[in-house]
Structures are given as structure tokens and as C-alpha cells.
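J.: Sharing a structure, written as C-alpha cells. Questions coming.
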Amino acid sequence: MALLTQQISRCYCLLQKCSIVNSRKLGRQSIKTWTFPLKQPGLPLLWHCRHFHQPVLKNSRTLLFDNLMRFCSSSAALDPSRENNSLSLVCKQTEPRPSSDSEALDDGWEESPPSSALEEISEDEAVQIVAEPLLPLESFTLQDYVDHSETLQKLVLLGVDLSKVDKRPVAAQLLLKLDFEKDITKVLLFLKDVGVEDNQLGAFLTKNPYILKEELEDLETRVSYLRSKQFSKEAIARLVSEAPYLLLFSVERLDNRLGFFQKELGLHVRKTRNLVTRLPRLLTGSLEPIKENLKVYKLELGFTQNEIGQIVYKIPKTLGINKRKLTQIFDYLHNVMDIPHSNIVHFPQVFNSKLLRIKERHLFLKFLGRAQYDPKQPSYIALDKLVALPNDLFCTEVAKTSIEDFQKFLKTL
């Protein structure tokens, strides 16, 4: 026992000395020094005690320690005078006999070796490999998710333009979170009941995908409000189809919009209802340009509230005309052609025409001596005929000349 203790102490001291040596060359020399006695004849090498199946990569320090332990064990075995029962027990335990189960397992490994990623395969096997596309963690377009989302696939079949939905804030994230059967089907059925045609559902959701997050009860409440204001079923269908954002407005907001037009234009309830039905975007568009144009009509152009109401009721789009275009056309009609406010009120379509078209035809009629816009005078020419007729009809019915003469005249301008 004392001999074993002395040998272990000696090995420990040598290991400490070797730990401070960093160069590879000295490490190799140390390994060679300690492995040399193990190669001497008569020294039993304990290679039979190693029962590892796979090689392990070791550094020089680990290998040195293993050799030291083998040397100590060999030295103890060479001294037959001393018998140590505990040491012999350890030696016996280091000689494990493989069991039948381990042998069977080893045989199984040898029969079916594990496949490697670097293993070569045949062309036929390579063709049969199908790689599923990975779901992108983030993207700038919904197109990357269509192959993975049944909801997006059904929306595309419905006619939804995902490229336009991408441009709307938060709309793409909304669609990815929805389930078609659970969240979208009920909204589509509601829209069909309201009066939206099947071929319009895709365009509707493209313009207003946010309706899919609205509660069905809120949507029904807003439609019920429109019915309470005596809007017909056809009128409601037109409002919803042509102004998709209408159903996002609360009842209070819809009521305020209708009250605004009724008050500012001085219209009756029936006329107000008819006005917004003909131009549904009046209920959903911004009120700022409308308020600005109403001020222009009243303060700059000199129309009364009653005259403004008549102009807007006849041509609702005049509320959205560009301010500059509105003032230029009125200035030419009123100050150059001497047309009074009353005539403009009767033919507000003139504000939808191009100023160049009005100038060319007025100058041609003036050249012919037929520029007469007073309804009390003979050869009176109404404003609607001046701006609405195509060139050939204008020449034959209004100017009483040929279109060739009109084209020659235009070249002189």
C-alpha cells in the first residue's frame, strides 16, 4: 500500500511540472519519456481495459495523464511480493466482459451504420427529395406568405389584390392573424346581405381590409341607422359598395356628416339623402377641401347659400373641384364672357370642363359673331351645349359651320 501511495505522489508531482510547459515540443517529449517504459518487455499494457467504441480527440496534457496512470498501474503489477486485495479488485473491475445485449447492439450498429450529411446518394434519390419552403420570419410583402396561409390563398381567389393591401398600414399583419372560416366568412355573408355583389367583394376588401376586425354587431347597428334615415335598400348597397370605409364610421359620426351637408347647403332631408347617395364618398372623405370650396363659392365667387345648394345638388362633384380651377373658370365665364351668376347656377356642368376648351369655343363663336349667352336674346347659346357637345356636333349645331373651319381657326390661336 505504501508503494502505491509513493507512486501516486510521484505521478502528481510530475503532472504539476508538465502543466507549466506550454510548448508543443516539450509536451511531445514528456509523452515520449513516460510512454517509453510502457513499451519495455514484461510490462503489461492495459489496452484490454479500454472498452470505448469511438475514438476521442485528446490534447497532450490529457494523454500524458493517461500514460502516467497506466505506468503506475503497471509498476504495481510488477511487485509480486506485495498483494493488495483492493488493487486486484480494481484491476478485475477494469476488465468488463461484454454482455449479450451490448454485443447485439454492436452488431446492429455494424449492420446499419448511421447516415451522414456528406454521404453520396444517387440521382434518382436526389430527384425524389422534396424540400418544403420555409416560412419567412419577416417580409415586406404578403406574397411570401401565400404558400403557407390558407386564408391568403382564399382571399386571392376572391379577388383581393394583396399588393395594394401591403400599402395600407397594419393591414398585412391583420390578414395574417385571421382565420378565413372563423373571422372572414361571417363578414362576407353580411356584406352580401347588405347588397354588395359577389364580384365586388374582392375589390371591397382590397380597399377596406380593416372591416374584418370590426364586430358584426357594430356593423349591423350602422346599417340599421341608415335604414332609420329612410335610405332604401338600393341606396344602402350603393353607399357601402362605393364608399367601403362607410361601415367603419360610428353612428354619431355618420349623423354628424349628414347634418353638416344639410346645414351648410340648406337642403331638405330628402335632397340631402339623395345627394350623398349619388356621391357616397361625401360621407367618408375629408371635409377640409369641401369646407374650403364652400368658402370660395360664397366669399370669392359671390354665390348665395341657396345658389351654392343648387350647384352642389345638380353636380355633387363640384364640391371637390380644385380651388384654382374653380376660380379660373368662374373668372373667364363671368368677367370675359359676361355670363351672370344665375346662368352659371342653371348650368354648373361648366365647372367640370377644361378652361382651354371653353376659351377655344368662345373665341371661335366670337369670330363668327355668334357668341350670344343671354337667354333673352335670339341665337342664344346655352352653356351646356358650349362645353358638353363633341367638336363635330358643336360645329354643325352651335357654330353652324364645318369642323374643318374650326380646326383652321385653332391653328391661328
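We label chains A, B, ... in the order they appear in the C-alpha cells, count residues from 1 in each chain, and number ligands from 1 in the order shown.
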Could you tell me, as a PDB file with N, CA, C and O atoms, in the first residue's frame, which residues of region 241-315 of chain A DSSP assigns to alpha helix (DSSP H) when given the backbone?

T.:
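The resulting file, states.pdb, is reproduced below:
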```
ATOM      1  N   SER A 241     -70.986  49.928 -51.235  1.00  0.00           N
ATOM      2  CA  SER A 241     -70.137  49.457 -52.329  1.00  0.00           C
ATOM      3  C   SER A 241     -69.177  50.534 -52.811  1.00  0.00           C
ATOM      4  O   SER A 241     -67.995  50.252 -53.070  1.00  0.00           O
ATOM      5  N   GLU A 242     -69.642  51.766 -52.922  1.00  0.00           N
ATOM      6  CA  GLU A 242     -68.811  52.826 -53.473  1.00  0.00           C
ATOM      7  C   GLU A 242     -68.027  53.594 -52.410  1.00  0.00           C
ATOM      8  O   GLU A 242     -67.104  54.347 -52.751  1.00  0.00           O
ATOM      9  N   VAL A 251     -72.125  55.524 -35.533  1.00  0.00           N
ATOM     10  CA  VAL A 251     -73.431  56.135 -35.793  1.00  0.00           C
ATOM     11  C   VAL A 251     -73.368  57.644 -35.553  1.00  0.00           C
ATOM     12  O   VAL A 251     -73.932  58.440 -36.326  1.00  0.00           O
ATOM     13  N   GLU A 252     -72.664  58.072 -34.532  1.00  0.00           N
ATOM     14  CA  GLU A 252     -72.551  59.507 -34.229  1.00  0.00           C
ATOM     15  C   GLU A 252     -71.826  60.243 -35.355  1.00  0.00           C
ATOM     16  O   GLU A 252     -72.212  61.361 -35.731  1.00  0.00           O
ATOM     17  N   ARG A 253     -70.793  59.621 -35.896  1.00  0.00           N
ATOM     18  CA  ARG A 253     -70.037  60.269 -36.969  1.00  0.00           C
ATOM     19  C   ARG A 253     -70.861  60.354 -38.246  1.00  0.00           C
ATOM     20  O   ARG A 253     -70.816  61.384 -38.946  1.00  0.00           O
ATOM     21  N   LEU A 254     -71.607  59.328 -38.570  1.00  0.00           N
ATOM     22  CA  LEU A 254     -72.483  59.368 -39.747  1.00  0.00           C
ATOM     23  C   LEU A 254     -73.548  60.435 -39.591  1.00  0.00           C
ATOM     24  O   LEU A 254     -73.862  61.167 -40.551  1.00  0.00           O
ATOM     25  N   ASP A 255     -74.093  60.538 -38.403  1.00  0.00           N
ATOM     26  CA  ASP A 255     -75.138  61.540 -38.159  1.00  0.00           C
ATOM     27  C   ASP A 255     -74.578  62.952 -38.298  1.00  0.00           C
ATOM     28  O   ASP A 255     -75.241  63.846 -38.839  1.00  0.00           O
ATOM     29  N   ASN A 256     -73.338  63.156 -37.831  1.00  0.00           N
ATOM     30  CA  ASN A 256     -72.718  64.475 -37.952  1.00  0.00           C
ATOM     31  C   ASN A 256     -72.454  64.833 -39.414  1.00  0.00           C
ATOM     32  O   ASN A 256     -72.613  66.010 -39.808  1.00  0.00           O
ATOM     33  N   ARG A 257     -72.067  63.869 -40.223  1.00  0.00           N
ATOM     34  CA  ARG A 257     -71.818  64.141 -41.638  1.00  0.00           C
ATOM     35  C   ARG A 257     -73.102  64.566 -42.352  1.00  0.00           C
ATOM     36  O   ARG A 257     -73.117  65.542 -43.111  1.00  0.00           O
ATOM     37  N   LEU A 258     -74.151  63.808 -42.147  1.00  0.00           N
ATOM     38  CA  LEU A 258     -75.421  64.153 -42.795  1.00  0.00           C
ATOM     39  C   LEU A 258     -75.911  65.528 -42.334  1.00  0.00           C
ATOM     40  O   LEU A 258     -76.418  66.326 -43.144  1.00  0.00           O
ATOM     41  N   GLY A 259     -75.747  65.810 -41.047  1.00  0.00           N
ATOM     42  CA  GLY A 259     -76.159  67.124 -40.530  1.00  0.00           C
ATOM     43  C   GLY A 259     -75.329  68.251 -41.108  1.00  0.00           C
ATOM     44  O   GLY A 259     -75.850  69.361 -41.337  1.00  0.00           O
ATOM     45  N   PHE A 260     -74.049  68.000 -41.369  1.00  0.00           N
ATOM     46  CA  PHE A 260     -73.182  69.034 -41.932  1.00  0.00           C
ATOM     47  C   PHE A 260     -73.668  69.461 -43.312  1.00  0.00           C
ATOM     48  O   PHE A 260     -73.792  70.663 -43.598  1.00  0.00           O
ATOM     49  N   PHE A 261     -73.921  68.515 -44.205  1.00  0.00           N
ATOM     50  CA  PHE A 261     -74.349  68.860 -45.563  1.00  0.00           C
ATOM     51  C   PHE A 261     -75.738  69.492 -45.567  1.00  0.00           C
ATOM     52  O   PHE A 261     -76.000  70.413 -46.351  1.00  0.00           O
ATOM     53  N   GLN A 262     -76.595  69.014 -44.710  1.00  0.00           N
ATOM     54  CA  GLN A 262     -77.932  69.593 -44.654  1.00  0.00           C
ATOM     55  C   GLN A 262     -77.890  71.052 -44.187  1.00  0.00           C
ATOM     56  O   GLN A 262     -78.608  71.905 -44.718  1.00  0.00           O
ATOM     57  N   LYS A 263     -77.022  71.342 -43.231  1.00  0.00           N
ATOM     58  CA  LYS A 263     -76.930  72.698 -42.691  1.00  0.00           C
ATOM     59  C   LYS A 263     -76.184  73.641 -43.626  1.00  0.00           C
ATOM     60  O   LYS A 263     -76.650  74.763 -43.901  1.00  0.00           O
ATOM     61  N   GLU A 264     -75.006  73.226 -44.133  1.00  0.00           N
ATOM     62  CA  GLU A 264     -74.177  74.109 -44.946  1.00  0.00           C
ATOM     63  C   GLU A 264     -74.781  74.394 -46.311  1.00  0.00           C
ATOM     64  O   GLU A 264     -74.601  75.486 -46.865  1.00  0.00           O
ATOM     65  N   LEU A 265     -75.493  73.430 -46.865  1.00  0.00           N
ATOM     66  CA  LEU A 265     -76.072  73.616 -48.198  1.00  0.00           C
ATOM     67  C   LEU A 265     -77.521  74.058 -48.147  1.00  0.00           C
ATOM     68  O   LEU A 265     -78.091  74.398 -49.196  1.00  0.00           O
ATOM     69  N   VAL A 269     -84.149  67.293 -46.065  1.00  0.00           N
ATOM     70  CA  VAL A 269     -83.665  65.961 -45.693  1.00  0.00           C
ATOM     71  C   VAL A 269     -83.643  65.027 -46.890  1.00  0.00           C
ATOM     72  O   VAL A 269     -82.684  64.274 -47.095  1.00  0.00           O
ATOM     73  N   ARG A 270     -84.685  65.075 -47.695  1.00  0.00           N
ATOM     74  CA  ARG A 270     -84.750  64.189 -48.852  1.00  0.00           C
ATOM     75  C   ARG A 270     -83.638  64.499 -49.843  1.00  0.00           C
ATOM     76  O   ARG A 270     -83.011  63.587 -50.399  1.00  0.00           O
ATOM     77  N   LYS A 271     -83.389  65.794 -50.100  1.00  0.00           N
ATOM     78  CA  LYS A 271     -82.328  66.162 -51.027  1.00  0.00           C
ATOM     79  C   LYS A 271     -80.939  65.829 -50.478  1.00  0.00           C
ATOM     80  O   LYS A 271     -80.040  65.439 -51.241  1.00  0.00           O
ATOM     81  N   THR A 272     -80.790  65.967 -49.173  1.00  0.00           N
ATOM     82  CA  THR A 272     -79.513  65.590 -48.558  1.00  0.00           C
ATOM     83  C   THR A 272     -79.256  64.092 -48.729  1.00  0.00           C
ATOM     84  O   THR A 272     -78.141  63.661 -49.051  1.00  0.00           O
ATOM     85  N   ARG A 273     -80.293  63.312 -48.507  1.00  0.00           N
ATOM     86  CA  ARG A 273     -80.186  61.865 -48.678  1.00  0.00           C
ATOM     87  C   ARG A 273     -79.861  61.506 -50.121  1.00  0.00           C
ATOM     88  O   ARG A 273     -79.020  60.639 -50.393  1.00  0.00           O
ATOM     89  N   ASN A 274     -80.500  62.180 -51.058  1.00  0.00           N
ATOM     90  CA  ASN A 274     -80.245  61.930 -52.473  1.00  0.00           C
ATOM     91  C   ASN A 274     -78.840  62.363 -52.877  1.00  0.00           C
ATOM     92  O   ASN A 274     -78.181  61.698 -53.698  1.00  0.00           O
ATOM     93  N   LEU A 275     -78.364  63.454 -52.290  1.00  0.00           N
ATOM     94  CA  LEU A 275     -77.027  63.972 -52.615  1.00  0.00           C
ATOM     95  C   LEU A 275     -75.942  62.966 -52.237  1.00  0.00           C
ATOM     96  O   LEU A 275     -75.071  62.641 -53.064  1.00  0.00           O
ATOM     97  N   VAL A 276     -75.972  62.463 -51.006  1.00  0.00           N
ATOM     98  CA  VAL A 276     -74.910  61.540 -50.566  1.00  0.00           C
ATOM     99  C   VAL A 276     -75.049  60.178 -51.241  1.00  0.00           C
ATOM    100  O   VAL A 276     -74.060  59.450 -51.385  1.00  0.00           O
ATOM    101  N   THR A 277     -76.250  59.826 -51.677  1.00  0.00           N
ATOM    102  CA  THR A 277     -76.422  58.557 -52.390  1.00  0.00           C
ATOM    103  C   THR A 277     -75.778  58.624 -53.764  1.00  0.00           C
ATOM    104  O   THR A 277     -75.171  57.643 -54.234  1.00  0.00           O
ATOM    105  N   ARG A 278     -75.864  59.763 -54.405  1.00  0.00           N
ATOM    106  CA  ARG A 278     -75.260  59.930 -55.725  1.00  0.00           C
ATOM    107  C   ARG A 278     -73.740  60.036 -55.647  1.00  0.00           C
ATOM    108  O   ARG A 278     -73.033  59.646 -56.583  1.00  0.00           O
ATOM    109  N   GLU A 288     -62.168  68.928 -45.124  1.00  0.00           N
ATOM    110  CA  GLU A 288     -61.391  70.158 -45.272  1.00  0.00           C
ATOM    111  C   GLU A 288     -61.485  70.758 -46.672  1.00  0.00           C
ATOM    112  O   GLU A 288     -61.752  71.958 -46.814  1.00  0.00           O
ATOM    113  N   PRO A 289     -61.258  69.992 -47.763  1.00  0.00           N
ATOM    114  CA  PRO A 289     -61.406  70.600 -49.096  1.00  0.00           C
ATOM    115  C   PRO A 289     -62.839  71.035 -49.385  1.00  0.00           C
ATOM    116  O   PRO A 289     -63.062  72.005 -50.122  1.00  0.00           O
ATOM    117  N   ILE A 290     -63.816  70.337 -48.822  1.00  0.00           N
ATOM    118  CA  ILE A 290     -65.216  70.715 -49.028  1.00  0.00           C
ATOM    119  C   ILE A 290     -65.505  72.047 -48.343  1.00  0.00           C
ATOM    120  O   ILE A 290     -66.139  72.945 -48.922  1.00  0.00           O
ATOM    121  N   LYS A 291     -65.025  72.201 -47.131  1.00  0.00           N
ATOM    122  CA  LYS A 291     -65.225  73.476 -46.420  1.00  0.00           C
ATOM    123  C   LYS A 291     -64.518  74.611 -47.144  1.00  0.00           C
ATOM    124  O   LYS A 291     -65.036  75.739 -47.217  1.00  0.00           O
ATOM    125  N   GLU A 292     -63.339  74.332 -47.690  1.00  0.00           N
ATOM    126  CA  GLU A 292     -62.595  75.358 -48.420  1.00  0.00           C
ATOM    127  C   GLU A 292     -63.342  75.795 -49.679  1.00  0.00           C
ATOM    128  O   GLU A 292     -63.418  77.003 -49.983  1.00  0.00           O
ATOM    129  N   ASN A 293     -63.899  74.842 -50.421  1.00  0.00           N
ATOM    130  CA  ASN A 293     -64.648  75.196 -51.624  1.00  0.00           C
ATOM    131  C   ASN A 293     -65.927  75.953 -51.299  1.00  0.00           C
ATOM    132  O   ASN A 293     -66.338  76.861 -52.052  1.00  0.00           O
ATOM    133  N   LEU A 294     -66.578  75.607 -50.222  1.00  0.00           N
ATOM    134  CA  LEU A 294     -67.784  76.346 -49.830  1.00  0.00           C
ATOM    135  C   LEU A 294     -67.458  77.809 -49.526  1.00  0.00           C
ATOM    136  O   LEU A 294     -68.239  78.710 -49.861  1.00  0.00           O
ATOM    137  N   LYS A 295     -66.296  78.047 -48.921  1.00  0.00           N
ATOM    138  CA  LYS A 295     -65.880  79.430 -48.673  1.00  0.00           C
ATOM    139  C   LYS A 295     -65.578  80.156 -49.981  1.00  0.00           C
ATOM    140  O   LYS A 295     -65.889  81.348 -50.132  1.00  0.00           O
ATOM    141  N   GLN A 305     -76.073  81.131 -50.405  1.00  0.00           N
ATOM    142  CA  GLN A 305     -76.179  79.755 -49.905  1.00  0.00           C
ATOM    143  C   GLN A 305     -77.181  78.951 -50.730  1.00  0.00           C
ATOM    144  O   GLN A 305     -76.945  77.767 -51.004  1.00  0.00           O
ATOM    145  N   ASN A 306     -78.263  79.597 -51.143  1.00  0.00           N
ATOM    146  CA  ASN A 306     -79.247  78.893 -51.958  1.00  0.00           C
ATOM    147  C   ASN A 306     -78.663  78.501 -53.316  1.00  0.00           C
ATOM    148  O   ASN A 306     -78.905  77.395 -53.811  1.00  0.00           O
ATOM    149  N   GLU A 307     -77.869  79.415 -53.912  1.00  0.00           N
ATOM    150  CA  GLU A 307     -77.259  79.115 -55.207  1.00  0.00           C
ATOM    151  C   GLU A 307     -76.191  78.015 -55.069  1.00  0.00           C
ATOM    152  O   GLU A 307     -76.083  77.150 -55.946  1.00  0.00           O
ATOM    153  N   ILE A 308     -75.444  78.057 -53.985  1.00  0.00           N
ATOM    154  CA  ILE A 308     -74.439  77.002 -53.748  1.00  0.00           C
ATOM    155  C   ILE A 308     -75.131  75.651 -53.604  1.00  0.00           C
ATOM    156  O   ILE A 308     -74.670  74.635 -54.154  1.00  0.00           O
ATOM    157  N   GLY A 309     -76.262  75.630 -52.870  1.00  0.00           N
ATOM    158  CA  GLY A 309     -77.005  74.387 -52.705  1.00  0.00           C
ATOM    159  C   GLY A 309     -77.497  73.837 -54.033  1.00  0.00           C
ATOM    160  O   GLY A 309     -77.447  72.612 -54.264  1.00  0.00           O
ATOM    161  N   GLN A 310     -77.933  74.701 -54.924  1.00  0.00           N
ATOM    162  CA  GLN A 310     -78.417  74.259 -56.235  1.00  0.00           C
ATOM    163  C   GLN A 310     -77.268  73.706 -57.089  1.00  0.00           C
ATOM    164  O   GLN A 310     -77.426  72.680 -57.777  1.00  0.00           O
ATOM    165  N   ILE A 311     -76.133  74.414 -57.048  1.00  0.00           N
ATOM    166  CA  ILE A 311     -74.974  73.949 -57.824  1.00  0.00           C
ATOM    167  C   ILE A 311     -74.530  72.562 -57.362  1.00  0.00           C
ATOM    168  O   ILE A 311     -74.319  71.645 -58.169  1.00  0.00           O
ATOM    169  N   VAL A 312     -74.397  72.396 -56.035  1.00  0.00           N
ATOM    170  CA  VAL A 312     -73.908  71.132 -55.479  1.00  0.00           C
ATOM    171  C   VAL A 312     -74.924  70.017 -55.692  1.00  0.00           C
ATOM    172  O   VAL A 312     -74.546  68.879 -55.985  1.00  0.00           O
ATOM    173  N   TYR A 313     -76.203  70.319 -55.572  1.00  0.00           N
ATOM    174  CA  TYR A 313     -77.216  69.273 -55.729  1.00  0.00           C
ATOM    175  C   TYR A 313     -77.254  68.763 -57.170  1.00  0.00           C
ATOM    176  O   TYR A 313     -77.446  67.567 -57.405  1.00  0.00           O
ATOM    177  N   LYS A 314     -77.051  69.672 -58.134  1.00  0.00           N
ATOM    178  CA  LYS A 314     -77.048  69.256 -59.533  1.00  0.00           C
ATOM    179  C   LYS A 314     -75.763  68.503 -59.885  1.00  0.00           C
ATOM    180  O   LYS A 314     -75.827  67.462 -60.554  1.00  0.00           O
TER     181      LYS A 314
END
```

J.: Counting only C-alpha atoms, what is within 9 Å of region 320-337 of chain A, bar same-chain residues fewer than 6 positions away, as a PyMOL selection string?

T.: chain A and resi 289-290+292-293+296-297+300-301+344+350-355+358-359+362+371+373

J.: Measure the distance from CA of Phe204 (chain A) to CA of Asp144 (chain A) in Å and round it to one decimal.

T.: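 Between CA of Phe204 (chain A) and CA of Asp144 (chain A) the gap is 22.8 Å.
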
J.: I need the residue nearest Asp338 (chain A) from this list: A:Thr141, A:Gln200, A:Gln372, A:Ser224. Use only C-alpha atoms for the distance.

T.: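 Distance minimum relative to Asp338 (chain A) lands on A:Gln372.
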
J.: Quick check, in Å to one decimal: how far apart do CA of Val398 (chain A) and CA of Phe303 (chain A) lie?

T.: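 CA of Phe303 (chain A) lies at a distance of 28.7 Å from CA of Val398 (chain A).
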
J.: Using CA of Leu174 (chain A) and CA of Leu188 (chain A) as the two end points, give the distance in Å to one decimal.

T.: 16.2 Å

J.: For region 208-217 of chain A, please output as a VMD selection string all residues within 9 Å (counting only C-alpha atoms; exclusion window: fewer than 5 positions along the same chain).

T.: chain A and resid 165 168 170 to 172 174 to 175 178 183 to 184 186 to 187 190 203 222 244 to 245 247 to 248

J.: For Thr206 (chain A), work out the shell of residues within 7 Å, counting only C-alpha atoms and skipping chain neighbours fewer than 5 positions away, then give it as a PyMOL selection string.

T.: chain A and resi 160-161+164-165

J.: Restricting the output to C-alpha atoms, write the selected residues as a compact mmCIF listing (two decimals), in the first residue's frame.

T.:
```txt
# COMPACT_ATOMS: atom_id res chain seq x y z
CA VAL A 160 -58.29 40.62 -53.21
CA ASP A 161 -55.21 42.46 -54.51
CA LYS A 164 -52.45 47.02 -52.62
CA VAL A 165 -53.21 45.65 -49.17
```

J.: Identify which of the residues A:Lys298, A:Lys317, A:Lys192, A:Lys207 lies closest to Pro348 (chain A), counting only C-alpha atoms when measuring atom-to-atom distances.

T.: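 Closest to Pro348 (chain A) of all the choices is A:Lys317.
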